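J.: Let me give you the structure first, and then I'll get to my questions.
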Amino acid sequence: MSGFTLDVTSADAENALSNLRARPEVLFFFLLEETSMGTGRCAEQVVLDQFQVSRTLAHVELADSGRAHLLRVATNCDGWLVEMHSHGRRGDPAEFSSMDMDGLAAWVAHLQWRLPGRGYVAVVVGEETVDGLVWLPNASGPRPLTALQTSANASWKTTERSYANWIEDAR
């Protein structure tokens, strides 16, 4: 199965990536513009306030108000949503936890129902590595995110561990 490359060359996306590598359980959302088949670019950051995110030292998730806010923003645009969250130093090699995977399965199914024809990208960042999953529009399951493209024109390959785990668990 072919992968997907995410362009993180916008200033907001690069800043988010830097923050994600430094601290565990941080969460960012972006709107994605598909630039070509198999490639998308992080465009506009979707800002969440402190009441729209529930964060502990071991886990981060959207509060109901955060989910509603993201749905409102996504409904008013044509782009996909991109989620980036961190596991920090304890997250290498990067991969989604089983709790992350369960949450993604439910959240993406809900988004596909509410926003038909839209894709979703989920990225998890460790201190040194990244991983991710991509749901194409109307797809029943994800494909691997294979790389992040940075402004230094460098490609940061993903671990692809989350996709292997998804397939193994046959969600």
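Within each chain, counting starts at residue 1; across the structure tokens, chains are named A, B, ... in the order shown, with ligands numbered 1 upward in that order.
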Dump as a tab-separated table the rows for residues of region 142-169 of chain A within 7 Å of region 117-131 of chain A: closest atom pair and distance in Å with one decimal, only C-alpha atoms counted, ordered by chain and rising residue number.

T.:
residue	atom	partner	partner_atom	distance
A:Leu145	CA	A:Asp131	CA	6.7
A:Thr158	CA	A:Asp131	CA	4.6
A:Thr159	CA	A:Asp131	CA	5.4
A:Glu160	CA	A:Asp131	CA	5.8
A:Ser162	CA	A:Asp131	CA	6.9

J.: Would you pick out the contacts of region 62-79 of chain A at 12 Å or less, using only C-alpha atoms, so that residues sharing its chain but fewer than 5 positions from it are not included, and give the list as a ChimeraX atom specification?

T.: /A:25-35,40-56,85,100,103-104,107-108,110-121,137

J.: Would you mind exporting N, CA and C atoms of the selected residues as a compact mmCIF listing (two decimals), in the first residue's frame?

T.:
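What landed in out07.txt:
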# COMPACT_ATOMS: atom_id res chain seq x y z
N GLU A 25 2.48 14.92 25.47
CA GLU A 25 1.04 15.13 25.57
C GLU A 25 0.63 16.57 25.27
N VAL A 26 1.11 17.05 24.13
CA VAL A 26 0.71 18.34 23.56
C VAL A 26 -0.07 18.03 22.30
N LEU A 27 -1.04 18.87 21.96
CA LEU A 27 -1.94 18.59 20.85
C LEU A 27 -2.11 19.82 19.97
N PHE A 28 -1.96 19.64 18.66
CA PHE A 28 -2.18 20.70 17.68
C PHE A 28 -3.09 20.16 16.57
N PHE A 29 -3.86 21.04 15.97
CA PHE A 29 -4.67 20.69 14.80
C PHE A 29 -4.43 21.71 13.70
N PHE A 30 -4.46 21.22 12.47
CA PHE A 30 -4.30 22.05 11.29
C PHE A 30 -5.35 21.67 10.26
N LEU A 31 -5.60 22.59 9.34
CA LEU A 31 -6.36 22.26 8.14
C LEU A 31 -5.34 21.88 7.08
N LEU A 32 -5.66 20.89 6.29
CA LEU A 32 -4.74 20.38 5.29
C LEU A 32 -5.24 20.72 3.91
N GLU A 33 -4.34 21.14 3.06
CA GLU A 33 -4.63 21.32 1.65
C GLU A 33 -3.97 20.17 0.92
N GLU A 34 -4.73 19.42 0.14
CA GLU A 34 -4.12 18.35 -0.64
C GLU A 34 -3.43 19.00 -1.84
N THR A 35 -2.13 18.75 -1.96
CA THR A 35 -1.37 19.38 -3.03
C THR A 35 -1.24 18.47 -4.24
N GLY A 40 0.06 16.16 1.13
CA GLY A 40 -0.78 17.24 1.64
C GLY A 40 0.06 18.24 2.40
N ARG A 41 -0.40 19.49 2.49
CA ARG A 41 0.35 20.54 3.16
C ARG A 41 -0.45 21.09 4.33
N CYS A 42 0.19 21.17 5.50
CA CYS A 42 -0.44 21.81 6.65
C CYS A 42 -0.58 23.29 6.34
N ALA A 43 -1.80 23.78 6.36
CA ALA A 43 -2.05 25.18 6.02
C ALA A 43 -2.33 25.96 7.30
N GLU A 44 -3.57 26.13 7.63
CA GLU A 44 -3.98 26.97 8.75
C GLU A 44 -4.08 26.18 10.04
N GLN A 45 -3.53 26.73 11.13
CA GLN A 45 -3.65 26.08 12.43
C GLN A 45 -5.03 26.36 13.00
N VAL A 46 -5.64 25.35 13.60
CA VAL A 46 -6.92 25.50 14.29
C VAL A 46 -6.60 25.65 15.77
N VAL A 47 -6.89 26.81 16.31
CA VAL A 47 -6.53 27.11 17.69
C VAL A 47 -7.60 26.59 18.64
N LEU A 48 -7.16 25.88 19.66
CA LEU A 48 -8.04 25.37 20.72
C LEU A 48 -7.67 26.07 22.02
N ASP A 49 -8.68 26.40 22.83
CA ASP A 49 -8.36 27.00 24.13
C ASP A 49 -8.19 25.91 25.19
N GLN A 50 -7.76 26.31 26.37
CA GLN A 50 -7.44 25.35 27.43
C GLN A 50 -8.63 24.52 27.88
N PHE A 51 -9.84 24.98 27.63
CA PHE A 51 -11.02 24.24 28.05
C PHE A 51 -11.48 23.23 27.00
N GLN A 52 -10.87 23.29 25.82
CA GLN A 52 -11.24 22.37 24.75
C GLN A 52 -10.34 21.14 24.68
N VAL A 53 -9.35 21.09 25.57
CA VAL A 53 -8.40 19.98 25.61
C VAL A 53 -8.25 19.50 27.04
N SER A 54 -8.26 18.21 27.23
CA SER A 54 -8.03 17.61 28.55
C SER A 54 -6.63 16.99 28.52
N ARG A 55 -5.76 17.44 29.42
CA ARG A 55 -4.37 17.01 29.38
C ARG A 55 -3.90 16.57 30.77
N THR A 56 -3.25 15.41 30.80
CA THR A 56 -2.55 14.95 32.01
C THR A 56 -1.11 14.66 31.60
N HIS A 85 0.09 15.12 17.84
CA HIS A 85 0.27 15.10 19.29
C HIS A 85 1.58 14.43 19.64
N ASP A 100 -4.55 5.64 22.08
CA ASP A 100 -4.61 6.55 20.93
C ASP A 100 -5.35 5.89 19.77
N GLY A 103 -9.07 5.68 20.31
CA GLY A 103 -9.66 7.01 20.15
C GLY A 103 -9.73 7.43 18.69
N LEU A 104 -8.67 7.15 17.94
CA LEU A 104 -8.66 7.49 16.51
C LEU A 104 -9.74 6.72 15.75
N TRP A 107 -13.05 8.47 16.59
CA TRP A 107 -13.08 9.86 16.14
C TRP A 107 -13.14 9.94 14.61
N VAL A 108 -12.29 9.18 13.92
CA VAL A 108 -12.26 9.24 12.46
C VAL A 108 -13.57 8.71 11.87
N HIS A 110 -16.48 8.95 13.21
CA HIS A 110 -17.44 10.03 13.43
C HIS A 110 -17.23 11.16 12.41
N LEU A 111 -15.96 11.53 12.19
CA LEU A 111 -15.68 12.59 11.22
C LEU A 111 -16.09 12.19 9.80
N GLN A 112 -15.84 10.94 9.44
CA GLN A 112 -16.21 10.49 8.10
C GLN A 112 -17.73 10.52 7.91
N TRP A 113 -18.47 10.27 8.99
CA TRP A 113 -19.92 10.35 8.93
C TRP A 113 -20.38 11.81 8.83
N ARG A 114 -19.78 12.69 9.65
CA ARG A 114 -20.18 14.10 9.69
C ARG A 114 -19.65 14.92 8.52
N LEU A 115 -18.47 14.53 8.00
CA LEU A 115 -17.82 15.27 6.93
C LEU A 115 -17.48 14.32 5.78
N PRO A 116 -18.48 13.81 5.09
CA PRO A 116 -18.21 12.84 4.03
C PRO A 116 -17.29 13.42 2.96
N GLY A 117 -16.43 12.56 2.44
CA GLY A 117 -15.53 12.98 1.38
C GLY A 117 -14.28 13.68 1.86
N ARG A 118 -14.06 13.72 3.17
CA ARG A 118 -12.87 14.37 3.74
C ARG A 118 -11.91 13.32 4.27
N GLY A 119 -10.64 13.63 4.21
CA GLY A 119 -9.62 12.77 4.79
C GLY A 119 -9.20 13.27 6.16
N TYR A 120 -8.36 12.50 6.81
CA TYR A 120 -7.85 12.85 8.15
C TYR A 120 -6.43 12.34 8.27
N VAL A 121 -5.56 13.14 8.88
CA VAL A 121 -4.18 12.75 9.10
C VAL A 121 -3.91 12.86 10.59
N PRO A 137 -10.37 10.06 1.87
CA PRO A 137 -11.83 10.19 1.83
C PRO A 137 -12.49 8.85 1.48

J.: Suppose you want the space between CA of Ala164 (chain A) and CA of Pro144 (chain A); what is it in Å?

T.: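 Going from CA of Ala164 (chain A) over to CA of Pro144 (chain A), I get 8.5 Å.
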
J.: Grab the CA of Ala11 (chain A) to CA of Arg23 (chain A) distance for me, in Å with one decimal place.

T.: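 About the pair CA of Ala11 (chain A) and CA of Arg23 (chain A): they are 18.7 Å apart.
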
J.: Using only C-alpha atoms, which of the listed residues (A:Lys157, A:His87, A:Arg21, A:Arg143) sits closest to His59 (chain A)?

T.: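 Going through A:Lys157, A:His87, A:Arg21, A:Arg143 one by one, the smallest distance to His59 (chain A) is for A:His87.
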
J.: Based on the backbone DSSP call, show me all residues of chain A assigned helix (DSSP H, G or I), as a ChimeraX atom specification.

T.: /A:11-22,64-75,89-91,98-114,161-169

J.: Restricted to C-alpha atoms, what would the selected residues look like written as a short mmCIF file (atom, residue, chain, number, x, y, z; two decimals), in the first residue's frame?

T.:
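Result file follows (selection.cif):
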data_model
loop_
_atom_site.label_atom_id
_atom_site.label_comp_id
_atom_site.auth_asym_id
_atom_site.auth_seq_id
_atom_site.Cartn_x
_atom_site.Cartn_y
_atom_site.Cartn_z
CA ALA A 11 5.79 28.51 10.06
CA ASP A 12 2.92 27.38 12.31
CA ALA A 13 3.49 23.70 11.47
CA GLU A 14 7.23 23.92 12.04
CA ASN A 15 6.66 25.70 15.37
CA ALA A 16 4.15 23.02 16.39
CA LEU A 17 6.60 20.26 15.46
CA SER A 18 9.31 21.88 17.57
CA ASN A 19 6.95 22.14 20.57
CA LEU A 20 5.77 18.56 20.10
CA ARG A 21 9.31 17.18 20.17
CA ALA A 22 10.06 19.00 23.43
CA ASP A 64 -16.52 17.67 23.91
CA SER A 65 -16.27 21.42 23.28
CA GLY A 66 -12.99 20.87 21.39
CA ARG A 67 -14.55 18.21 19.17
CA ALA A 68 -17.51 20.52 18.45
CA HIS A 69 -15.14 23.41 17.62
CA LEU A 70 -13.12 21.27 15.20
CA LEU A 71 -16.28 20.04 13.49
CA ARG A 72 -17.53 23.64 13.07
CA VAL A 73 -14.21 24.78 11.60
CA ALA A 74 -13.91 21.77 9.28
CA THR A 75 -17.53 22.11 8.12
CA ARG A 89 11.11 11.81 25.24
CA ARG A 90 9.31 8.63 26.23
CA GLY A 91 7.86 8.31 22.74
CA SER A 98 -3.41 1.44 22.10
CA MET A 99 -5.48 4.18 23.80
CA ASP A 100 -4.61 6.55 20.93
CA MET A 101 -5.59 3.93 18.36
CA ASP A 102 -8.97 3.27 20.00
CA GLY A 103 -9.66 7.01 20.15
CA LEU A 104 -8.66 7.49 16.51
CA ALA A 105 -10.88 4.63 15.34
CA ALA A 106 -13.94 6.23 16.99
CA TRP A 107 -13.08 9.86 16.14
CA VAL A 108 -12.26 9.24 12.46
CA ALA A 109 -15.41 7.14 11.97
CA HIS A 110 -17.44 10.03 13.43
CA LEU A 111 -15.68 12.59 11.22
CA GLN A 112 -16.21 10.49 8.10
CA TRP A 113 -19.92 10.35 8.93
CA ARG A 114 -20.18 14.10 9.69
CA ARG A 161 4.89 1.19 13.46
CA SER A 162 1.33 2.47 13.96
CA TYR A 163 0.20 1.21 10.57
CA ALA A 164 1.75 -2.20 11.25
CA ASN A 165 -0.06 -2.29 14.63
CA TRP A 166 -3.35 -1.21 13.01
CA ILE A 167 -3.12 -4.04 10.48
CA GLU A 168 -2.07 -6.54 13.15
CA ASP A 169 -5.02 -5.60 15.37
#

J.: Could you check the closest approach to Asp7 (chain A) for each of A:Val134, A:Leu148, A:Met84, A:Val60 and tell me which residue wins, using only C-alpha atoms?

T.: A:Leu148

J.: Step one, run DSSP on the backbone; step two, keep only residues of region 55-104 of chain A assigned to strand (DSSP E); then write them as a PDB file with all heavy atoms, in the first residue's frame.

T.:
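So the final result, stored in part-v8.pdb, reads:
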ATOM      1  N   ARG A  55      -5.761  17.444  29.416  1.00  0.00           N
ATOM      2  CA  ARG A  55      -4.368  17.011  29.384  1.00  0.00           C
ATOM      3  C   ARG A  55      -3.900  16.574  30.767  1.00  0.00           C
ATOM      4  O   ARG A  55      -4.130  17.264  31.750  1.00  0.00           O
ATOM      5  CB  ARG A  55      -3.491  18.166  28.891  1.00  0.00           C
ATOM      6  CG  ARG A  55      -2.040  17.826  28.779  1.00  0.00           C
ATOM      7  CD  ARG A  55      -1.266  19.007  28.169  1.00  0.00           C
ATOM      8  NE  ARG A  55       0.126  18.679  28.032  1.00  0.00           N
ATOM      9  CZ  ARG A  55       1.078  19.127  28.830  1.00  0.00           C
ATOM     10  NH1 ARG A  55       0.798  19.949  29.822  1.00  0.00           N
ATOM     11  NH2 ARG A  55       2.326  18.769  28.650  1.00  0.00           N
ATOM     12  N   VAL A  60      -3.502  13.034  26.475  1.00  0.00           N
ATOM     13  CA  VAL A  60      -4.166  14.263  26.033  1.00  0.00           C
ATOM     14  C   VAL A  60      -5.327  13.859  25.139  1.00  0.00           C
ATOM     15  O   VAL A  60      -5.219  12.906  24.364  1.00  0.00           O
ATOM     16  CB  VAL A  60      -3.188  15.211  25.289  1.00  0.00           C
ATOM     17  CG1 VAL A  60      -2.663  14.599  24.008  1.00  0.00           C
ATOM     18  CG2 VAL A  60      -3.828  16.562  25.035  1.00  0.00           C
ATOM     19  N   GLU A  61      -6.451  14.559  25.282  1.00  0.00           N
ATOM     20  CA  GLU A  61      -7.595  14.287  24.415  1.00  0.00           C
ATOM     21  C   GLU A  61      -8.458  15.535  24.305  1.00  0.00           C
ATOM     22  O   GLU A  61      -8.387  16.437  25.143  1.00  0.00           O
ATOM     23  CB  GLU A  61      -8.419  13.101  24.913  1.00  0.00           C
ATOM     24  CG  GLU A  61      -9.136  13.333  26.212  1.00  0.00           C
ATOM     25  CD  GLU A  61      -9.936  12.125  26.662  1.00  0.00           C
ATOM     26  OE1 GLU A  61     -10.499  11.426  25.802  1.00  0.00           O
ATOM     27  OE2 GLU A  61      -9.984  11.876  27.864  1.00  0.00           O
ATOM     28  N   LEU A  62      -9.275  15.553  23.283  1.00  0.00           N
ATOM     29  CA  LEU A  62     -10.206  16.655  23.086  1.00  0.00           C
ATOM     30  C   LEU A  62     -11.373  16.541  24.049  1.00  0.00           C
ATOM     31  O   LEU A  62     -11.915  15.454  24.241  1.00  0.00           O
ATOM     32  CB  LEU A  62     -10.765  16.629  21.667  1.00  0.00           C
ATOM     33  CG  LEU A  62      -9.848  17.075  20.556  1.00  0.00           C
ATOM     34  CD1 LEU A  62     -10.474  16.756  19.208  1.00  0.00           C
ATOM     35  CD2 LEU A  62      -9.560  18.556  20.667  1.00  0.00           C
ATOM     36  N   TRP A  80      -8.956  18.936   4.855  1.00  0.00           N
ATOM     37  CA  TRP A  80      -8.925  17.836   5.812  1.00  0.00           C
ATOM     38  C   TRP A  80      -8.446  18.383   7.156  1.00  0.00           C
ATOM     39  O   TRP A  80      -7.912  19.479   7.239  1.00  0.00           O
ATOM     40  CB  TRP A  80      -7.914  16.789   5.394  1.00  0.00           C
ATOM     41  CG  TRP A  80      -8.090  16.151   4.065  1.00  0.00           C
ATOM     42  CD1 TRP A  80      -8.954  16.472   3.064  1.00  0.00           C
ATOM     43  CD2 TRP A  80      -7.332  15.050   3.583  1.00  0.00           C
ATOM     44  NE1 TRP A  80      -8.781  15.637   1.996  1.00  0.00           N
ATOM     45  CE2 TRP A  80      -7.793  14.756   2.292  1.00  0.00           C
ATOM     46  CE3 TRP A  80      -6.306  14.279   4.126  1.00  0.00           C
ATOM     47  CZ2 TRP A  80      -7.258  13.722   1.529  1.00  0.00           C
ATOM     48  CZ3 TRP A  80      -5.776  13.251   3.369  1.00  0.00           C
ATOM     49  CH2 TRP A  80      -6.253  12.981   2.089  1.00  0.00           C
ATOM     50  N   LEU A  81      -8.605  17.585   8.197  1.00  0.00           N
ATOM     51  CA  LEU A  81      -8.007  17.914   9.496  1.00  0.00           C
ATOM     52  C   LEU A  81      -6.726  17.113   9.675  1.00  0.00           C
ATOM     53  O   LEU A  81      -6.637  15.957   9.264  1.00  0.00           O
ATOM     54  CB  LEU A  81      -8.971  17.578  10.636  1.00  0.00           C
ATOM     55  CG  LEU A  81     -10.128  18.537  10.854  1.00  0.00           C
ATOM     56  CD1 LEU A  81     -11.095  17.972  11.893  1.00  0.00           C
ATOM     57  CD2 LEU A  81      -9.624  19.903  11.305  1.00  0.00           C
ATOM     58  N   VAL A  82      -5.744  17.754  10.284  1.00  0.00           N
ATOM     59  CA  VAL A  82      -4.485  17.118  10.657  1.00  0.00           C
ATOM     60  C   VAL A  82      -4.344  17.256  12.158  1.00  0.00           C
ATOM     61  O   VAL A  82      -4.412  18.360  12.691  1.00  0.00           O
ATOM     62  CB  VAL A  82      -3.262  17.784   9.984  1.00  0.00           C
ATOM     63  CG1 VAL A  82      -1.968  17.118  10.441  1.00  0.00           C
ATOM     64  CG2 VAL A  82      -3.388  17.748   8.482  1.00  0.00           C
ATOM     65  N   GLU A  83      -4.161  16.141  12.843  1.00  0.00           N
ATOM     66  CA  GLU A  83      -3.923  16.111  14.288  1.00  0.00           C
ATOM     67  C   GLU A  83      -2.455  15.789  14.508  1.00  0.00           C
ATOM     68  O   GLU A  83      -1.920  14.864  13.906  1.00  0.00           O
ATOM     69  CB  GLU A  83      -4.784  15.010  14.904  1.00  0.00           C
ATOM     70  CG  GLU A  83      -4.398  14.615  16.306  1.00  0.00           C
ATOM     71  CD  GLU A  83      -5.129  13.366  16.784  1.00  0.00           C
ATOM     72  OE1 GLU A  83      -6.250  13.085  16.304  1.00  0.00           O
ATOM     73  OE2 GLU A  83      -4.569  12.677  17.643  1.00  0.00           O
ATOM     74  N   MET A  84      -1.805  16.561  15.360  1.00  0.00           N
ATOM     75  CA  MET A  84      -0.429  16.258  15.752  1.00  0.00           C
ATOM     76  C   MET A  84      -0.387  16.227  17.267  1.00  0.00           C
ATOM     77  O   MET A  84      -0.801  17.195  17.904  1.00  0.00           O
ATOM     78  CB  MET A  84       0.539  17.326  15.248  1.00  0.00           C
ATOM     79  CG  MET A  84       0.656  17.450  13.772  1.00  0.00           C
ATOM     80  SD  MET A  84       1.733  18.857  13.391  1.00  0.00           S
ATOM     81  CE  MET A  84       2.587  18.234  11.985  1.00  0.00           C
ATOM     82  N   HIS A  85       0.089  15.124  17.836  1.00  0.00           N
ATOM     83  CA  HIS A  85       0.268  15.105  19.289  1.00  0.00           C
ATOM     84  C   HIS A  85       1.583  14.431  19.642  1.00  0.00           C
ATOM     85  O   HIS A  85       2.189  13.764  18.818  1.00  0.00           O
ATOM     86  CB  HIS A  85      -0.948  14.513  20.010  1.00  0.00           C
ATOM     87  CG  HIS A  85      -0.932  13.046  20.217  1.00  0.00           C
ATOM     88  ND1 HIS A  85      -1.481  12.145  19.333  1.00  0.00           N
ATOM     89  CD2 HIS A  85      -0.442  12.309  21.245  1.00  0.00           C
ATOM     90  CE1 HIS A  85      -1.331  10.926  19.797  1.00  0.00           C
ATOM     91  NE2 HIS A  85      -0.699  10.992  20.951  1.00  0.00           N
ATOM     92  N   SER A  86       2.019  14.674  20.863  1.00  0.00           N
ATOM     93  CA  SER A  86       3.369  14.250  21.232  1.00  0.00           C
ATOM     94  C   SER A  86       3.381  13.218  22.345  1.00  0.00           C
ATOM     95  O   SER A  86       2.499  13.189  23.201  1.00  0.00           O
ATOM     96  CB  SER A  86       4.180  15.462  21.684  1.00  0.00           C
ATOM     97  OG  SER A  86       3.647  15.992  22.874  1.00  0.00           O
ATOM     98  N   HIS A  87       4.406  12.418  22.279  1.00  0.00           N
ATOM     99  CA  HIS A  87       4.749  11.514  23.381  1.00  0.00           C
ATOM    100  C   HIS A  87       6.076  11.937  24.002  1.00  0.00           C
ATOM    101  O   HIS A  87       6.533  11.331  24.960  1.00  0.00           O
ATOM    102  CB  HIS A  87       4.826  10.066  22.898  1.00  0.00           C
ATOM    103  CG  HIS A  87       3.486   9.471  22.603  1.00  0.00           C
ATOM    104  ND1 HIS A  87       3.337   8.246  22.024  1.00  0.00           N
ATOM    105  CD2 HIS A  87       2.229   9.932  22.799  1.00  0.00           C
ATOM    106  CE1 HIS A  87       2.058   7.968  21.872  1.00  0.00           C
ATOM    107  NE2 HIS A  87       1.360   8.980  22.333  1.00  0.00           N
ATOM    108  N   GLY A  88       6.712  12.965  23.455  1.00  0.00           N
ATOM    109  CA  GLY A  88       7.944  13.515  24.019  1.00  0.00           C
ATOM    110  C   GLY A  88       9.071  12.503  24.090  1.00  0.00           C
ATOM    111  O   GLY A  88       9.166  11.585  23.276  1.00  0.00           O
TER     112      GLY A  88
END

J.: Return the single residue from A:Ala154, A:Leu136, A:Ala58, A:Gln149 that is closest to Ser10 (chain A), with distances computed using only C-alpha atoms.

T.: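 Among A:Ala154, A:Leu136, A:Ala58, A:Gln149, it is A:Gln149 that comes nearest to Ser10 (chain A).
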
J.: So how far away is CA of Gly3 (chain A) from CA of Thr150 (chain A), in Å?

T.: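 We find that CA of Thr150 (chain A) and CA of Gly3 (chain A) lie 17.1 Å from each other.
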